[in-house]
Amino acid sequence: MNEPEPSDNQPKSTGNLRHPGKGKGLGRTRPRGRQTTAAEAEEIRQILGDSPRQRDLLIEYLHTLQDQFGDLSLGRLAALAADMNLPLVEVYEVASFYHNFTIRPEAAAAGSAQTIKVCDSLPCMLRGSEELKNALRNDYDTGQIRIERAACMGRCDQAPVVSIGSNYISEASAAKIQTALESGQFGGTLPAYRDYAAYLDDGGYQLLADCRSGVRSRETIFDALDNAGLRGLGGAGFPTGRKWRLVAEQPTPRLMAVNGDESEPGTFKDRHYLLTDPHRVLEGMLVGAWSVGADEIYIYVRDEFPEVRAIVAEELENLSVAGLAGVPGTPTVHLRRGAGAYICGEESAMLESLEGKRGLPRHKPPFPAEVGLFGQPTLINNVETLYWVRDIVEQGADWFTSKGLNGRTGLRTFSVSGRVKSPGVVLAPAGISLRQLIDDYCSGMLDGHELKAYLPGGASGGILPATLADLPLDFGTLEDQGCFIGSAAIIVLSDQDSIKDTVFNLMRFFESESCGQCTPCRAGTEKAAALMSAGNWDRVLLEELAACLESASICGLGHAAANPLRSAYKFFPEEMR
């Protein structure tokens, strides 16, 4: 087949990443390996149609095949590799890297077994997911239905959560699952949200119009973000205004990527904002692209959020009709789908995934602001960070900084789950304490439960005891205790919870989600989980593993994997003996 010529914004020094058949000969010859039948080749051609055979679309096409057939057969993988002029091993390694792709052995029939996945992240464990999984295995684990564990599904306030294909059952029970299987009804309707018309009625996109018409300058946008102290709210907390300036100073062409791969156990705020008020995020995105001069934007959304993708796709179409995006003179917006990998929340791993590859973190420097997506300078922002752009610019930095408690400034969105009566997304002043958060926003602890401990920053943020429940929750307030707030994923533990069980659950999560690229993280998390499973909690040995993980891992996953372990030894030594 004829491949389209590479566009002008492709990196010249590393060959053409979107079209690997071009450039330095990458992909010119394909190992013969598993042979493709004429029927399989024609099937792939029919399914993909006139879609461009770009290398960065590989994951999208794998989703297309699995959505249609229920899994990925080796024959179709080989046919896809041939059709895209890629080595089969490259297609296979991508398909096998991501949790949500199922590769079917040659001998198995298509759709031969239905899979029920039970989330076993910490919030779901606290709400009985292990007991639910065992009950389902007793009732359903046959040749026709498989019961499997799964990592966090981003609905921690609705725990326990179960998925059946692309359908999700919240506050799941054996009875709910039986009803869904028998009726085929999973309640998959889109929720009510503020659409384009409603957002426009509320003054939406006036800020974008002012930017594009020259009423506002880039410097006024940068200054507003600087003065408000807005930071990256995906976890790292890098100052937003400074990042936008850095990217704007780089040579053209420049790109933008929106990180909606919210996979930290306990975090679900980005999903909430995209489900309820997507245009506030989209306008912040378009203002960001205008500010740094990005002509293309890539939105990366978790595969576990099909309703979010549907809403964003529909509203992007509305923006195209309105002439605000996706038409000449405006940025082209690409909506891309993750495939189940916590590591892709790390910005450089997300870039690799957007390029259609395994989500392996890159070595830094260079940083994405200089060399990012397809080798171009790239502005990367989290969903919630973009959510605040319009309010801060329109209402002024003083409005934002006037909020806050306990000496802190601004507003924060907390995802609260665990042993509270009213889990959910909480918008509260930065610097609020956990005790205030539980009492004032979450209706208190569950009946019969007393506060014992809490995770202030999801799986990687460490564990703090109830005696420190009055600390201000914000950037820079928890580090002296060996913890951090990250994406503000608050998981509340009670006197009925075991610290050892908590630490073991989190280490198993890191073991499962390690990308495997670096030995310290791959082997360290596996060894630590194995020791814990065997009942060996030798502090000296586990501290040695923790030091190796922290000092020698490539990315933040390995650096932070031992934080819960170290916190447990520091604050709960009597339980860790």
# chains A, B, ... in the order shown; residues from 1 in each chain; ligands from 1
>>> residues_around(residues="stretch 532-534 of chain A", least_positions_apart="6", cutoff="10 Å", atoms="only C-alpha atoms", output="PyMOL selection string")
chain A and resi 500-501+503-505+507-508+542
>>> write_last_selection(atoms="C-alpha atoms", output="PDB file, in the first residue's frame")
ATOM      1  CA  LYS A 500       0.467  -4.693  57.032  1.00  0.00           C
ATOM      2  CA  ASP A 501      -2.395  -5.617  54.706  1.00  0.00           C
ATOM      3  CA  VAL A 503       1.331  -2.021  52.679  1.00  0.00           C
ATOM      4  CA  PHE A 504       1.163  -5.444  51.034  1.00  0.00           C
ATOM      5  CA  ASN A 505      -1.740  -4.368  48.826  1.00  0.00           C
ATOM      6  CA  MET A 507       3.389  -3.177  47.011  1.00  0.00           C
ATOM      7  CA  ARG A 508       1.491  -5.743  44.933  1.00  0.00           C
ATOM      8  CA  LEU A 542      13.061  -4.359  53.232  1.00  0.00           C
TER       9      LEU A 542
END
>>> residues_around(residues="A:Leu565", least_positions_apart="2", cutoff="9 Å", atoms="only C-alpha atoms", output="MDAnalysis selection string")
chainID A and resid 462:463 500 503:504 506:507 542:543 546 561:563 567:570
>>> residues_around(residues="A:Gly431", least_positions_apart="3", cutoff="10 Å", atoms="only C-alpha atoms", output="ChimeraX atom specification")
/A:403-412,428,434,470-475,477
>>> residues_around(residues="A:Phe238", least_positions_apart="5", cutoff="12 Å", atoms="only C-alpha atoms", output="JSON, numbers by chain")
{"A": [225, 226, 229, 230, 231, 232, 233, 243, 244, 246, 380, 381, 382, 385, 475, 486]}
>>> write_last_selection(atoms="C-alpha atoms", output="compact mmCIF listing (two decimals), in the first residue's frame")
# COMPACT_ATOMS: atom_id res chain seq x y z
CA LEU A 225 -0.89 31.69 36.38
CA ASP A 226 2.35 32.71 38.11
CA GLY A 229 0.62 29.95 42.15
CA LEU A 230 -1.14 27.33 40.04
CA ARG A 231 0.86 24.11 39.97
CA GLY A 232 0.62 20.86 38.09
CA LEU A 233 -2.17 18.93 39.81
CA LYS A 243 6.12 25.48 32.28
CA TRP A 244 4.06 27.40 29.71
CA LEU A 246 9.48 27.26 28.92
CA ILE A 380 1.98 18.58 29.07
CA ASN A 381 -0.77 19.43 31.55
CA ASN A 382 -3.04 17.46 33.83
CA THR A 385 -4.62 22.06 36.03
CA PHE A 475 2.35 20.91 48.53
CA GLY A 486 0.61 14.36 44.95
>>> residues_around(residues="stretch 70-79 of chain A", least_positions_apart="3", cutoff="6 Å", atoms="only C-alpha atoms", output="list of chain:residue names")
A:Thr36, A:Glu40, A:Ala41, A:Gln66, A:Asp67, A:Ala82, A:Leu88, A:Thr102, A:Ile103, A:Arg104, A:Gly111
>>> residues_around(residues="A:Ser217", least_positions_apart="3", cutoff="12 Å", atoms="only C-alpha atoms", output="list in words")
Leu207, Leu208, Ala209, Asp210, Cys211, Arg212, Ser213, Gly214, Thr220, Ile221, Phe222, Asp223, Ala224, Val287, Trp290, Ser291, Val292 and Val393 of chain A
>>> select_by_dssp(residues="stretch 146-360 of chain A", states="strand (DSSP E or B)", output="PyMOL selection string")
chain A and resi 146-150+162-164+167-169+231+239+254-260+294-301+332-337
>>> closest_residue(among="A:Gly516, A:Gly338, A:Gly424, A:Pro564", to="A:Lys357", atoms="only C-alpha atoms")
A:Gly338
>>> closest_residue(among="A:Ser183, A:Thr519, A:Asn100, A:Thr413", to="A:Ser163", atoms="only C-alpha atoms")
A:Asn100
>>> residues_around(residues="A:Met445", least_positions_apart="2", cutoff="9 Å", atoms="only C-alpha atoms", output="PDB file with C-alpha atoms, in the first residue's frame")
ATOM      1  CA  ARG A 419     -13.779   4.527  55.643  1.00  0.00           C
ATOM      2  CA  VAL A 420     -15.857   7.706  55.375  1.00  0.00           C
ATOM      3  CA  LYS A 421     -19.637   7.996  55.100  1.00  0.00           C
ATOM      4  CA  SER A 422     -19.625  10.184  51.983  1.00  0.00           C
ATOM      5  CA  ILE A 438     -13.757  14.227  56.986  1.00  0.00           C
ATOM      6  CA  ASP A 439     -15.979  16.172  59.370  1.00  0.00           C
ATOM      7  CA  CYS A 442     -17.485  13.613  54.110  1.00  0.00           C
ATOM      8  CA  SER A 443     -20.150  13.295  56.844  1.00  0.00           C
ATOM      9  CA  ASP A 447     -20.379   4.060  61.906  1.00  0.00           C
ATOM     10  CA  GLY A 448     -18.298   1.834  64.145  1.00  0.00           C
ATOM     11  CA  HIS A 449     -15.005   3.021  62.670  1.00  0.00           C
ATOM     12  CA  GLU A 450     -12.406   5.296  64.250  1.00  0.00           C
ATOM     13  CA  LEU A 451      -9.732   7.122  62.273  1.00  0.00           C
ATOM     14  CA  VAL A 492      -8.934   6.902  54.923  1.00  0.00           C
ATOM     15  CA  SER A 494      -9.868   2.962  60.368  1.00  0.00           C
TER      16      SER A 494
END
>>> closest_atom_pairs(of="stretch 390-502 of chain A", to="stretch 141-154 of chain A", cutoff="12 Å", atoms="only C-alpha atoms", output="tab-separated table")
residue	atom	partner	partner_atom	distance
A:Ser415	CA	A:Gly154	CA	10.3
A:Val416	CA	A:Gly154	CA	12.0
A:Ser417	CA	A:Gly154	CA	11.1
A:Gly424	CA	A:Gly154	CA	11.5
A:Val425	CA	A:Gly154	CA	12.0
A:Gly458	CA	A:Cys152	CA	11.1
A:Ala459	CA	A:Cys152	CA	10.5
A:Ala489	CA	A:Gly154	CA	11.0
>>> write_last_selection(atoms="C-alpha atoms", output="mmCIF file, in the first residue's frame")
data_model
loop_
_atom_site.group_PDB
_atom_site.id
_atom_site.type_symbol
_atom_site.label_atom_id
_atom_site.label_comp_id
_atom_site.auth_asym_id
_atom_site.auth_seq_id
_atom_site.Cartn_x
_atom_site.Cartn_y
_atom_site.Cartn_z
ATOM 1 C CA SER A 415 -10.548 12.528 45.891
ATOM 2 C CA VAL A 416 -11.670 10.972 49.167
ATOM 3 C CA SER A 417 -12.302 7.250 49.574
ATOM 4 C CA GLY A 424 -16.292 11.468 46.559
ATOM 5 C CA VAL A 425 -14.738 14.540 44.957
ATOM 6 C CA GLY A 458 -2.716 7.825 46.860
ATOM 7 C CA ALA A 459 -0.615 4.680 46.659
ATOM 8 C CA ALA A 489 -5.974 11.185 46.577
#
>>> closest_residue(among="A:Val281, A:Leu275, A:Val389, A:Val383", to="A:Ser487", atoms="only C-alpha atoms")
A:Val383
>>> closest_residue(among="A:Arg522, A:Arg566, A:His559, A:Lys117", to="A:Asn134", atoms="only C-alpha atoms")
A:Lys117
>>> closest_residue(among="A:Cys124, A:Glu384, A:Pro239, A:Glu130", to="A:Glu262", atoms="only C-alpha atoms")
A:Glu384
>>> select_by_dssp(residues="stretch 300-455 of chain A", states="alpha helix (DSSP H)", output="count of residues only")
49
